[in-house]
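coords-v7.cif follows (mmCIF, C-alpha atoms):
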```cif
data_data
#
loop_
_atom_site.label_atom_id
_atom_site.label_comp_id
_atom_site.auth_asym_id
_atom_site.auth_seq_id
_atom_site.Cartn_x
_atom_site.Cartn_y
_atom_site.Cartn_z
CA MET A 48 -0.41 -180.82 -123.72
CA SER A 49 -4.17 -180.95 -124.13
CA GLY A 50 -5.88 -181.43 -127.48
CA SER A 51 -7.34 -177.92 -127.37
CA ALA A 52 -3.88 -176.47 -126.94
CA ALA A 53 -2.51 -178.50 -129.82
CA ALA A 54 -5.43 -177.46 -132.01
CA SER A 55 -4.56 -173.81 -131.62
CA GLY A 56 -1.23 -174.61 -133.29
CA SER A 57 0.84 -171.86 -134.82
CA ALA A 58 -1.50 -169.08 -133.70
CA ALA A 59 -0.71 -169.81 -130.06
CA ALA A 60 2.99 -170.06 -130.80
CA SER A 61 3.10 -166.78 -132.68
CA GLY A 62 1.10 -165.09 -129.92
CA SER A 63 3.61 -166.27 -127.32
CA ALA A 64 6.52 -165.03 -129.38
CA ALA A 65 4.94 -161.61 -129.79
CA HIS A 66 4.26 -161.48 -126.09
CA ARG A 67 7.88 -162.25 -125.26
CA ASP A 68 9.07 -159.62 -127.69
CA ALA A 69 6.89 -157.05 -125.92
CA ARG A 70 8.03 -157.95 -122.41
CA GLY A 71 11.55 -159.26 -122.87
CA THR A 72 13.25 -162.61 -122.74
CA ARG A 73 11.99 -165.93 -121.44
CA ALA A 74 13.06 -167.01 -117.96
CA VAL A 75 14.48 -170.52 -117.72
CA ILE A 76 15.60 -172.63 -114.78
CA THR A 77 19.09 -174.09 -114.89
CA GLY A 78 19.97 -175.07 -111.33
CA LEU A 79 18.30 -176.73 -108.33
CA GLY A 80 19.33 -177.47 -104.77
CA ALA A 81 17.64 -178.74 -101.63
CA VAL A 82 18.28 -179.53 -97.98
CA THR A 83 15.15 -181.01 -96.42
CA PRO A 84 13.94 -183.81 -94.14
CA ASN A 85 13.94 -186.03 -97.23
CA GLY A 86 17.58 -185.54 -98.16
CA LEU A 87 20.58 -183.25 -98.34
CA ASP A 88 20.50 -182.72 -102.10
CA MET A 89 17.89 -182.56 -104.81
CA ALA A 90 18.50 -186.08 -106.12
CA GLU A 91 17.82 -187.57 -102.68
CA ASN A 92 14.73 -185.42 -102.28
CA TRP A 93 13.30 -186.35 -105.66
CA ALA A 94 13.87 -190.06 -105.12
CA ALA A 95 12.11 -189.91 -101.74
CA VAL A 96 9.18 -187.86 -103.02
CA VAL A 97 8.54 -190.12 -106.03
CA ALA A 98 8.74 -193.20 -103.81
CA GLY A 99 6.40 -191.65 -101.24
CA ARG A 100 9.05 -192.00 -98.52
CA SER A 101 8.09 -189.58 -95.77
CA GLY A 102 10.68 -187.37 -94.07
CA ILE A 103 8.42 -186.81 -91.06
CA ARG A 104 9.59 -188.30 -87.78
CA ALA A 105 9.18 -187.92 -84.04
CA LEU A 106 10.90 -184.65 -83.12
CA GLU A 107 14.30 -185.07 -81.47
CA SER A 108 16.01 -181.66 -81.56
CA VAL A 109 13.40 -179.83 -79.49
CA ASP A 110 11.68 -180.64 -76.20
CA VAL A 111 8.05 -181.40 -77.04
CA SER A 112 7.19 -183.23 -73.84
CA ASP A 113 4.58 -180.65 -72.87
CA LEU A 114 3.45 -179.76 -76.41
CA ALA A 115 0.47 -181.16 -78.30
CA VAL A 116 2.66 -181.62 -81.38
CA LYS A 117 5.23 -184.40 -81.32
CA VAL A 118 6.22 -184.84 -84.97
CA GLY A 119 7.84 -182.76 -87.68
CA GLY A 120 10.25 -182.75 -90.58
CA GLU A 121 13.75 -182.30 -89.19
CA VAL A 122 16.83 -182.04 -91.38
CA ARG A 123 19.09 -184.89 -90.28
CA GLY A 124 22.79 -185.44 -90.85
CA PHE A 125 23.46 -181.85 -91.87
CA ASP A 126 26.99 -180.56 -91.11
CA PRO A 127 27.19 -176.76 -91.41
CA LEU A 128 30.99 -176.91 -91.31
CA ALA A 129 30.91 -178.58 -94.73
CA HIS A 130 29.56 -175.29 -96.07
CA VAL A 131 30.77 -172.42 -93.87
CA SER A 132 33.51 -171.62 -91.38
CA ARG A 133 33.10 -172.37 -87.69
CA THR A 134 32.72 -168.65 -87.02
CA ASP A 135 29.96 -168.27 -89.59
CA ALA A 136 28.24 -171.40 -88.33
CA ARG A 137 27.94 -169.67 -84.94
CA ARG A 138 26.82 -166.34 -86.41
CA LEU A 139 24.20 -167.56 -88.87
CA ASP A 140 20.71 -168.85 -88.18
CA ARG A 141 20.12 -172.47 -89.08
CA HIS A 142 17.67 -171.59 -91.85
CA ALA A 143 20.43 -169.52 -93.50
CA LEU A 144 22.86 -172.45 -93.24
CA PHE A 145 20.35 -174.64 -95.07
CA ALA A 146 19.96 -171.90 -97.68
CA ILE A 147 23.73 -171.65 -98.21
CA ALA A 148 24.02 -175.40 -98.74
CA ALA A 149 21.09 -175.51 -101.18
CA ALA A 150 22.46 -172.50 -103.06
CA ALA A 151 25.82 -174.20 -103.60
CA GLN A 152 24.03 -177.08 -105.34
CA ALA A 153 21.97 -174.80 -107.58
CA LEU A 154 25.02 -172.73 -108.55
CA GLU A 155 27.33 -175.64 -109.36
CA GLY A 156 29.15 -174.73 -112.58
CA PHE A 157 27.50 -171.31 -112.80
CA VAL A 158 29.51 -168.19 -113.65
CA ALA A 159 27.69 -164.91 -114.24
CA ALA A 160 28.85 -163.18 -117.42
CA ASP A 161 28.38 -159.85 -115.64
CA PRO A 162 28.28 -160.03 -111.80
CA SER A 163 26.40 -156.73 -111.68
CA ARG A 164 23.51 -158.53 -113.42
CA PHE A 165 23.43 -161.49 -111.01
CA ALA A 166 20.82 -161.04 -108.26
CA ILE A 167 19.99 -163.08 -105.15
CA THR A 168 16.69 -163.35 -103.30
CA ALA A 169 16.18 -165.07 -99.95
CA ALA A 170 12.55 -166.07 -99.44
CA THR A 171 11.51 -166.85 -95.88
CA GLY A 172 8.35 -166.82 -93.86
CA SER A 173 9.93 -166.27 -90.45
CA GLY A 174 13.62 -165.60 -90.99
CA ALA A 175 16.18 -165.99 -88.24
CA VAL A 176 13.82 -167.03 -85.44
CA GLY A 177 16.33 -169.38 -83.83
CA LEU A 178 19.01 -166.70 -83.76
CA THR A 179 16.56 -164.16 -82.37
CA GLN A 180 15.32 -166.48 -79.63
CA GLU A 181 18.91 -167.31 -78.68
CA ALA A 182 19.69 -163.59 -78.43
CA VAL A 183 16.72 -162.97 -76.15
CA ARG A 184 17.78 -165.80 -73.86
CA ALA A 185 21.35 -164.45 -73.75
CA LEU A 186 20.09 -160.95 -72.95
CA ASP A 187 17.82 -162.15 -70.15
CA GLN A 188 20.30 -164.59 -68.60
CA LEU A 189 23.72 -163.05 -69.26
CA GLY A 190 23.23 -159.38 -70.09
CA PRO A 191 23.54 -157.23 -73.23
CA ARG A 192 27.27 -157.79 -73.80
CA ARG A 193 26.65 -161.49 -74.35
CA VAL A 194 24.06 -161.06 -77.09
CA PRO A 195 25.52 -162.70 -80.22
CA PRO A 196 26.33 -160.07 -82.88
CA GLY A 197 24.89 -162.27 -85.62
CA VAL A 198 21.40 -161.21 -84.59
CA VAL A 199 22.12 -157.70 -85.90
CA ILE A 200 24.11 -158.72 -88.96
CA TYR A 201 22.12 -161.73 -90.14
CA GLY A 202 18.92 -161.53 -88.10
CA GLY A 203 16.66 -160.14 -90.82
CA PRO A 204 14.94 -161.92 -93.70
CA ASP A 205 17.70 -160.66 -96.00
CA GLY A 206 20.50 -162.33 -94.02
CA ALA A 207 21.01 -165.32 -96.31
CA ALA A 208 20.85 -163.13 -99.43
CA ALA A 209 23.47 -160.74 -98.06
CA TYR A 210 25.79 -163.62 -97.15
CA LEU A 211 25.35 -165.34 -100.52
CA SER A 212 25.89 -162.13 -102.50
CA GLN A 213 29.27 -161.74 -100.81
CA ARG A 214 30.20 -165.39 -101.25
CA TYR A 215 29.43 -165.43 -104.99
CA GLY A 216 30.28 -161.84 -105.86
CA ALA A 217 26.72 -161.12 -106.98
CA ARG A 218 26.50 -157.35 -107.41
CA GLY A 219 22.91 -157.25 -108.61
CA ALA A 220 20.06 -156.62 -106.20
CA SER A 221 20.01 -158.84 -103.11
CA ALA A 222 17.02 -158.86 -100.81
CA GLY A 223 14.78 -160.84 -98.50
CA VAL A 224 11.18 -161.59 -99.49
CA SER A 225 8.57 -162.60 -96.93
CA ALA A 226 4.97 -163.62 -97.58
CA THR A 227 4.59 -166.41 -94.99
CA CYS A 228 4.10 -169.78 -96.70
CA ALA A 229 3.88 -168.18 -100.15
CA SER A 230 7.36 -166.64 -99.81
CA GLY A 231 9.22 -169.06 -102.07
CA ALA A 232 6.69 -168.76 -104.89
CA VAL A 233 6.66 -164.97 -104.59
CA GLY A 234 10.46 -164.94 -104.76
CA LEU A 235 10.37 -166.98 -107.96
CA GLY A 236 7.61 -164.84 -109.44
CA GLU A 237 9.58 -161.68 -108.83
CA ALA A 238 12.64 -163.36 -110.34
CA LEU A 239 10.58 -164.08 -113.46
CA ARG A 240 9.65 -160.42 -113.73
CA THR A 241 13.23 -159.32 -113.09
CA ILE A 242 14.52 -161.51 -115.92
CA ARG A 243 11.64 -160.78 -118.25
CA HIS A 244 12.06 -157.03 -117.98
CA GLY A 245 15.82 -157.11 -118.33
CA TYR A 246 16.97 -156.03 -114.86
CA ALA A 247 19.21 -159.09 -114.44
CA ASP A 248 20.60 -162.00 -116.40
CA ALA A 249 20.34 -164.45 -113.51
CA VAL A 250 18.50 -164.58 -110.18
CA LEU A 251 19.16 -167.14 -107.47
CA VAL A 252 16.06 -167.68 -105.32
CA VAL A 253 16.51 -169.59 -102.08
CA GLY A 254 13.49 -170.36 -99.92
CA ALA A 255 14.25 -171.41 -96.36
CA ASP A 256 12.80 -171.66 -92.86
CA ASP A 257 13.60 -173.40 -89.59
CA CYS A 258 10.72 -172.97 -87.14
CA LEU A 259 11.03 -176.26 -85.28
CA ASN A 260 11.38 -174.66 -81.86
CA ARG A 261 9.20 -174.52 -78.77
CA VAL A 262 7.83 -171.04 -79.51
CA ASN A 263 6.71 -171.66 -83.08
CA LEU A 264 5.51 -175.20 -82.47
CA GLY A 265 3.62 -174.17 -79.34
CA VAL A 266 1.91 -171.17 -80.93
CA ASN A 267 0.92 -173.02 -84.10
CA ALA A 268 -0.42 -175.89 -82.01
CA THR A 269 -2.49 -173.43 -79.97
CA LEU A 270 -3.87 -171.97 -83.20
CA GLY A 271 -4.92 -175.47 -84.23
CA SER A 272 -2.96 -175.38 -87.46
CA LEU A 273 -0.63 -178.33 -86.73
CA ALA A 274 -1.59 -182.01 -86.80
CA PRO A 275 -1.60 -183.34 -83.22
CA GLY A 276 -0.79 -186.89 -82.21
CA PHE A 277 0.79 -189.51 -84.51
CA ALA A 278 3.74 -189.95 -82.12
CA ASP A 279 3.87 -193.68 -82.90
CA GLU A 280 3.33 -193.32 -86.65
CA PRO A 281 4.65 -189.87 -87.55
CA TRP A 282 4.71 -190.53 -91.30
CA ARG A 283 0.89 -190.68 -91.21
CA ALA A 284 0.47 -187.14 -89.84
CA SER A 285 0.49 -185.18 -93.11
CA ARG A 286 -2.80 -186.04 -94.84
CA PRO A 287 -3.71 -183.54 -97.58
CA PHE A 288 -7.23 -183.88 -99.01
CA ASP A 289 -8.04 -186.78 -96.66
CA ARG A 290 -11.16 -186.72 -94.47
CA ALA A 291 -9.01 -187.43 -91.40
CA ARG A 292 -6.66 -184.51 -91.98
CA SER A 293 -6.12 -182.44 -88.84
CA GLY A 294 -3.45 -179.87 -89.68
CA PHE A 295 -0.13 -179.43 -91.42
CA VAL A 296 3.21 -180.87 -90.34
CA MET A 297 5.96 -178.30 -89.89
CA SER A 298 9.32 -179.00 -91.53
CA SER A 299 12.65 -177.24 -91.74
CA GLY A 300 14.83 -176.89 -94.79
CA ALA A 301 15.67 -174.95 -97.91
CA ALA A 302 15.38 -175.20 -101.67
CA ALA A 303 17.24 -173.12 -104.25
CA VAL A 304 16.31 -172.38 -107.86
CA LEU A 305 18.55 -170.59 -110.37
CA VAL A 306 16.55 -168.56 -112.90
CA GLU A 307 18.29 -167.16 -115.99
CA SER A 308 17.39 -165.40 -119.17
CA GLU A 309 17.27 -167.79 -122.08
CA GLU A 310 20.08 -165.85 -123.78
CA HIS A 311 22.38 -166.00 -120.75
CA ALA A 312 21.79 -169.72 -120.30
CA ARG A 313 22.46 -170.42 -123.98
CA ARG A 314 25.63 -168.33 -124.03
CA ARG A 315 27.17 -170.33 -121.21
CA GLY A 316 25.92 -173.66 -122.56
CA ALA A 317 23.76 -174.45 -119.53
CA MET A 318 21.34 -177.34 -119.46
CA VAL A 319 17.83 -175.88 -119.20
CA LEU A 320 15.51 -177.80 -116.88
CA GLY A 321 12.37 -175.90 -117.81
CA GLU A 322 10.76 -172.52 -118.26
CA LEU A 323 9.31 -170.35 -115.53
CA ALA A 324 6.45 -169.12 -117.68
CA GLY A 325 3.83 -167.47 -115.47
CA TYR A 326 3.23 -165.87 -112.10
CA GLY A 327 0.20 -164.58 -110.30
CA ALA A 328 -0.27 -163.24 -106.78
CA SER A 329 -3.15 -161.88 -104.73
CA SER A 330 -4.32 -161.24 -101.18
CA ASP A 331 -7.48 -162.57 -99.57
CA ALA A 332 -7.97 -159.45 -97.41
CA PHE A 333 -10.10 -161.73 -95.24
CA HIS A 334 -8.50 -163.09 -92.03
CA ALA A 335 -5.16 -163.32 -90.24
CA THR A 336 -4.94 -167.11 -90.49
CA ALA A 337 -8.02 -168.57 -92.21
CA PRO A 338 -8.23 -168.59 -96.01
CA GLU A 339 -11.20 -167.00 -97.74
CA PRO A 340 -13.57 -170.01 -97.82
CA GLU A 341 -14.53 -169.87 -101.48
CA GLY A 342 -10.92 -169.50 -102.61
CA ARG A 343 -11.48 -166.29 -104.56
CA GLY A 344 -7.99 -164.95 -103.84
CA ALA A 345 -6.33 -168.28 -104.61
CA ALA A 346 -8.30 -168.55 -107.85
CA ALA A 347 -7.30 -165.02 -108.83
CA ALA A 348 -3.61 -165.90 -108.38
CA MET A 349 -3.98 -169.07 -110.46
CA ARG A 350 -5.82 -167.28 -113.26
CA ALA A 351 -3.22 -164.54 -113.29
CA ALA A 352 -0.37 -167.09 -113.54
CA ILE A 353 -2.05 -168.96 -116.39
CA ASP A 354 -2.79 -165.72 -118.22
CA ASP A 355 0.77 -164.49 -117.62
CA ALA A 356 2.04 -167.64 -119.34
CA ARG A 357 -0.31 -166.91 -122.28
CA LEU A 358 -2.12 -170.19 -121.72
CA SER A 359 -5.67 -171.27 -121.01
CA PRO A 360 -6.86 -173.50 -118.13
CA ALA A 361 -7.19 -176.35 -120.65
CA ASP A 362 -3.40 -176.25 -121.12
CA VAL A 363 -2.65 -177.22 -117.50
CA ASP A 364 -1.47 -180.84 -117.35
CA HIS A 365 -0.89 -181.16 -113.60
CA VAL A 366 -1.26 -179.22 -110.35
CA ASN A 367 1.20 -179.38 -107.48
CA ALA A 368 -1.28 -178.18 -104.86
CA HIS A 369 -0.49 -176.16 -101.78
CA GLY A 370 -2.26 -179.06 -100.06
CA THR A 371 -1.29 -178.49 -96.44
CA GLY A 372 -3.66 -180.98 -94.83
CA THR A 373 -5.52 -178.37 -92.80
CA PRO A 374 -9.32 -178.68 -92.98
CA LEU A 375 -9.84 -175.11 -94.22
CA ASN A 376 -6.99 -174.88 -96.75
CA ASP A 377 -7.72 -178.11 -98.60
CA ALA A 378 -11.43 -177.32 -98.92
CA MET A 379 -10.65 -173.81 -100.14
CA GLU A 380 -8.09 -175.02 -102.67
CA ALA A 381 -10.47 -177.65 -104.05
CA ARG A 382 -13.08 -174.94 -104.66
CA ALA A 383 -10.52 -172.61 -106.22
CA LEU A 384 -9.24 -175.30 -108.58
CA ALA A 385 -12.78 -176.09 -109.66
CA ALA A 386 -13.44 -172.41 -110.33
CA VAL A 387 -10.26 -171.98 -112.39
CA LEU A 388 -10.04 -175.26 -114.31
CA GLY A 389 -13.77 -175.74 -114.81
CA ALA A 390 -14.57 -178.56 -117.22
CA SER A 391 -10.87 -179.50 -117.41
CA LEU A 392 -10.63 -180.26 -113.69
CA ALA A 393 -11.46 -183.96 -113.84
CA GLY A 394 -8.64 -184.61 -116.32
CA VAL A 395 -5.91 -182.75 -114.38
CA PRO A 396 -3.97 -184.89 -111.88
CA VAL A 397 -3.34 -183.13 -108.57
CA THR A 398 -0.81 -183.96 -105.90
CA SER A 399 0.48 -182.55 -102.63
CA THR A 400 4.13 -183.32 -102.05
CA LYS A 401 3.73 -181.92 -98.52
CA SER A 402 2.30 -185.32 -97.63
CA VAL A 403 5.88 -186.60 -97.94
CA THR A 404 8.03 -183.55 -97.12
CA GLY A 405 5.88 -181.76 -94.58
CA HIS A 406 5.48 -178.00 -94.91
CA LEU A 407 8.75 -176.09 -95.40
CA LEU A 408 6.91 -172.79 -94.88
CA GLY A 409 8.91 -170.12 -96.74
CA GLY A 410 10.84 -172.84 -98.54
CA ALA A 411 7.77 -174.71 -99.78
CA GLY A 412 7.26 -172.67 -102.95
CA THR A 413 10.83 -173.11 -104.20
CA LEU A 414 10.90 -176.81 -103.33
CA GLU A 415 7.58 -177.53 -105.00
CA ALA A 416 8.50 -175.59 -108.14
CA ALA A 417 11.66 -177.70 -108.35
CA LEU A 418 9.68 -180.91 -107.87
CA SER A 419 7.27 -179.80 -110.60
CA LEU A 420 10.18 -179.40 -113.01
CA LEU A 421 11.48 -182.86 -112.18
CA ALA A 422 8.00 -184.32 -112.65
CA MET A 423 8.01 -182.91 -116.20
CA ARG A 424 11.55 -184.12 -116.82
CA ASP A 425 10.88 -187.69 -115.72
CA GLY A 426 7.25 -187.96 -116.80
CA VAL A 427 5.97 -188.97 -113.38
CA ILE A 428 3.64 -187.38 -110.82
CA PRO A 429 4.66 -187.94 -107.18
CA PRO A 430 2.00 -189.42 -104.90
CA THR A 431 -0.06 -187.88 -102.14
CA ILE A 432 0.47 -190.41 -99.38
CA ASN A 433 -1.96 -191.03 -96.52
CA LEU A 434 -4.95 -190.32 -98.76
CA ASP A 435 -7.07 -193.14 -97.37
CA GLU A 436 -10.48 -191.41 -97.50
CA PRO A 437 -10.50 -188.69 -100.17
CA GLU A 438 -12.92 -185.90 -99.31
CA PHE A 439 -12.98 -184.15 -102.68
CA PRO A 440 -14.12 -186.54 -105.43
CA GLN A 441 -14.01 -183.72 -107.98
CA LEU A 442 -10.20 -183.78 -107.74
CA ASP A 443 -8.09 -186.47 -109.40
CA VAL A 444 -5.56 -186.68 -106.59
CA VAL A 445 -2.66 -189.05 -107.29
CA ALA A 446 -2.81 -191.23 -104.19
CA HIS A 447 -0.36 -193.66 -102.57
CA ALA A 448 1.88 -194.34 -105.59
CA ALA A 449 3.46 -192.24 -108.34
CA ARG A 450 1.69 -192.05 -111.70
CA PRO A 451 3.41 -191.93 -115.10
CA ALA A 452 2.28 -188.91 -117.14
CA ALA A 453 3.48 -186.86 -120.08
CA LEU A 454 3.62 -183.33 -118.71
CA ARG A 455 4.25 -180.05 -120.52
CA THR A 456 2.68 -177.51 -118.16
CA VAL A 457 2.42 -177.59 -114.35
CA LEU A 458 0.64 -175.17 -112.03
CA SER A 459 2.27 -174.90 -108.59
CA ASN A 460 0.29 -173.22 -105.79
CA SER A 461 1.43 -171.57 -102.56
CA PHE A 462 -0.83 -169.88 -100.01
CA GLY A 463 -0.15 -168.56 -96.53
CA PHE A 464 -1.31 -166.94 -93.31
CA GLY A 465 -2.23 -163.32 -93.83
CA GLY A 466 -4.09 -164.18 -97.04
CA HIS A 467 -1.01 -164.40 -99.27
CA ASN A 468 -1.62 -166.30 -102.52
CA ALA A 469 0.92 -167.08 -105.24
CA ALA A 470 0.83 -169.40 -108.23
CA LEU A 471 3.50 -170.35 -110.74
CA VAL A 472 3.27 -171.92 -114.19
CA LEU A 473 6.22 -174.08 -115.21
CA ARG A 474 6.65 -175.41 -118.73
CA ALA A 475 8.84 -177.99 -120.41
CA PHE A 476 11.55 -176.36 -122.48
#
```
Give the structure from this file in C-alpha cells form.
Amino acid sequence: MSGSAAASGSAAASGSAAHRDARGTRAVITGLGAVTPNGLDMAENWAAVVAGRSGIRALESVDVSDLAVKVGGEVRGFDPLAHVSRTDARRLDRHALFAIAAAAQALEGFVAADPSRFAITAATGSGAVGLTQEAVRALDQLGPRRVPPGVVIYGGPDGAAAYLSQRYGARGASAGVSATCASGAVGLGEALRTIRHGYADAVLVVGADDCLNRVNLGVNATLGSLAPGFADEPWRASRPFDRARSGFVMSSGAAAVLVESEEHARRRGAMVLGELAGYGASSDAFHATAPEPEGRGAAAAMRAAIDDARLSPADVDHVNAHGTGTPLNDAMEARALAAVLGASLAGVPVTSTKSVTGHLLGGAGTLEAALSLLAMRDGVIPPTINLDEPEFPQLDVVAHAARPAALRTVLSNSFGFGGHNAALVLRAF
C-alpha cells in the first residue's frame, strides 16, 4: 500500500468500517476456476500467465483458409464428458460446457448454508453462438424437425446459469448478464452489490464465450478488430501497448469466481483469497465499436470503482489493464489511466494478461479478476509479452518477464463494443 494510504491510518480504517455498516457486509472471494487456452484449471493458467507462456496458436478447429485471421486461443484437450452426460454434451453450447467445468473448480468444497441464498450469474458477450449457428444449418439443410432442442432450452445468455442452478440446487436468483467484453466484470460487480446489500450469501459468477467460428472470426476481421497474419509465429500476435499492435486475438474459454459474504465464508471455514472491494460501470454513448478517444467513460468507471472501495487513486498498487492490443483501445486506456491516477501513474505497474491468454470476450473480466487475486497472493505481476516497442512511456508496463511486487490493491479494467466500461477493485484480505 502506498505511503499516503498508510499515513491516513486509523481514520481510513474507521471510515471503511462505517461504510460497510451502512451498506452491509464485505464481499470476499473464496473459489476460482478456469478453462482457457492456457490450461484446464486455474493452477495451470496461473503458471502459464506468470511464465509468459502464450496459449495462442494457429487455429485448428475452424476452417480459416479464406479468412484474414489465422490464429486464436483454442481450448485444447477438453473432454466435456468428464463434466456432463453425453446427452447434455450434445444439448449445450461449448461456451456453457467450459462454464460448467470452471464452475466445478470454483465450487469445490462449497456448501451453501441456505440454498435459497445462493445465486448464479452467467456472464457472456455472445452466448450460445455455436448452438445457434448449428440450428440454422440444420433448419436450412434438414428442415424444422431436425433443429436441436437445445437451442430453445440453452440458447440464451442465461443457459449456463440455468443449468448450474439445477446442478447445485441454487435457489437464489440465476441469470445471464451480457455487456460484450465487459460482461465478466459486470457480473462480478453485480455480485458485489448483491452480497453487500444482503440479497444473497454467495454468488457464483462464470464468464464464458466461444466465438472461434467462421461467422464471428470473419465479421471481426472485416471490422479490423482482430490481428491479421502471424500464422508462422502465432504467439506474437497479441501485442498490447506495443507500436506494432494490430488488433486483439480472440480466445475461447471460461473463468469462474465464487463471491461470498464475509460472514458466510467465516461460518463455513473457507479460505478467503481476497476481497472484492469496489465496482464502477459506465457507457461511452459514443460509437458501436470504437471507444471514446479520450477515455472519459473508462475513467468514470475506474473512479467509481476506486470510490466504491473507499480508496483514493494513490492506493492503487497495480492495474490489470483491459489491454486488448487494438490501436484505439490501448491509446484510450492509457489516457484514461493518466486521468484517473494522475501523479501516481508512474509508480503503478500495469500489465495486460491478454498478451498471453488472448481475449476471452465475456470471460475476460472474470479471468482477469482471478489473476489479479493470484498476483496479490504470490506477490508477482505477470508480464505483458510481445512489448518490443512500447508506445506509451507514461505507463510502467511490466514487459517480457514477471516482476515481484508487494500488492494490496489491484484495479482490473474491462471495456467492450457498444461503449460498455467496467472496473473492479480487488484487495488483499
Between A:Val296, A:Ala208, A:Val176, A:Ile103, which residue has the minimum interatomic distance to Leu408 of chain A, considering only C-alpha atoms?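 Looking at the shortest contact to Leu408 of chain A, the residue is A:Val296.
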Taking all atoms listed in the file into account, which of A:Ser391, A:Thr336, A:Thr400, A:Asn260 comes nearest Phe288 of chain A? A:Thr400
Quick one: which residues end up in the PyMOL selection byres ((chain A and resi 306) around 8) for this structure, as a PDB file with C-alpha atoms, keeping the file's coordinate frame?
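Result file is part29.pdb:
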```pdb
ATOM      1  CA  ALA A  74      13.060-167.010-117.960  1.00  0.00           C
ATOM      2  CA  VAL A  75      14.480-170.520-117.720  1.00  0.00           C
ATOM      3  CA  ILE A  76      15.600-172.630-114.780  1.00  0.00           C
ATOM      4  CA  THR A  77      19.090-174.090-114.890  1.00  0.00           C
ATOM      5  CA  GLY A  78      19.970-175.070-111.330  1.00  0.00           C
ATOM      6  CA  ALA A 238      12.640-163.360-110.340  1.00  0.00           C
ATOM      7  CA  LEU A 239      10.580-164.080-113.460  1.00  0.00           C
ATOM      8  CA  ILE A 242      14.520-161.510-115.920  1.00  0.00           C
ATOM      9  CA  ALA A 249      20.340-164.450-113.510  1.00  0.00           C
ATOM     10  CA  VAL A 250      18.500-164.580-110.180  1.00  0.00           C
ATOM     11  CA  LEU A 251      19.160-167.140-107.470  1.00  0.00           C
ATOM     12  CA  VAL A 252      16.060-167.680-105.320  1.00  0.00           C
ATOM     13  CA  VAL A 304      16.310-172.380-107.860  1.00  0.00           C
ATOM     14  CA  LEU A 305      18.550-170.590-110.370  1.00  0.00           C
ATOM     15  CA  GLU A 307      18.290-167.160-115.990  1.00  0.00           C
ATOM     16  CA  SER A 308      17.390-165.400-119.170  1.00  0.00           C
ATOM     17  CA  LEU A 323       9.310-170.350-115.530  1.00  0.00           C
TER      18      LEU A 323
END
```
Once the PyMOL selection byres ((chain A and resi 275) around 6) is applied to the coordinates I shared, what remains selected? I want it as a PyMOL selection string. chain A and resi 115-116+274+276
The PyMOL selection byres ((chain A and resi 263) around 12) resolved against shown file, as a PyMOL selection string: chain A and resi 109+111+114+116+172-173+176-177+180+256-262+264-270+272-273+297-299+408
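Comparing A:Leu139, A:Ala146, A:Leu154, A:Leu388 by their smallest distance to Gly203 of chain A, the closest is A:Leu139 (using all atoms listed in the file).
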Which protein, DNA or RNA residues have an atom at most 12 Å from (25.1, -162.9, -100.4), counting only C-alpha atoms? List them as a CSV table (one decimal) with C-alpha atoms, in the frame of the given file.
```csv
chain,number,residue,atom,x,y,z
A,143,ALA,CA,20.4,-169.5,-93.5
A,146,ALA,CA,20.0,-171.9,-97.7
A,147,ILE,CA,23.7,-171.6,-98.2
A,150,ALA,CA,22.5,-172.5,-103.1
A,151,ALA,CA,25.8,-174.2,-103.6
A,165,PHE,CA,23.4,-161.5,-111.0
A,166,ALA,CA,20.8,-161.0,-108.3
A,167,ILE,CA,20.0,-163.1,-105.2
A,168,THR,CA,16.7,-163.4,-103.3
A,169,ALA,CA,16.2,-165.1,-100.0
A,201,TYR,CA,22.1,-161.7,-90.1
A,205,ASP,CA,17.7,-160.7,-96.0
A,206,GLY,CA,20.5,-162.3,-94.0
A,207,ALA,CA,21.0,-165.3,-96.3
A,208,ALA,CA,20.8,-163.1,-99.4
A,209,ALA,CA,23.5,-160.7,-98.1
A,210,TYR,CA,25.8,-163.6,-97.2
A,211,LEU,CA,25.4,-165.3,-100.5
A,212,SER,CA,25.9,-162.1,-102.5
A,213,GLN,CA,29.3,-161.7,-100.8
A,214,ARG,CA,30.2,-165.4,-101.2
A,215,TYR,CA,29.4,-165.4,-105.0
A,216,GLY,CA,30.3,-161.8,-105.9
A,217,ALA,CA,26.7,-161.1,-107.0
A,218,ARG,CA,26.5,-157.4,-107.4
A,219,GLY,CA,22.9,-157.2,-108.6
A,220,ALA,CA,20.1,-156.6,-106.2
A,221,SER,CA,20.0,-158.8,-103.1
A,222,ALA,CA,17.0,-158.9,-100.8
A,223,GLY,CA,14.8,-160.8,-98.5
A,250,VAL,CA,18.5,-164.6,-110.2
A,251,LEU,CA,19.2,-167.1,-107.5
A,252,VAL,CA,16.1,-167.7,-105.3
A,253,VAL,CA,16.5,-169.6,-102.1
```
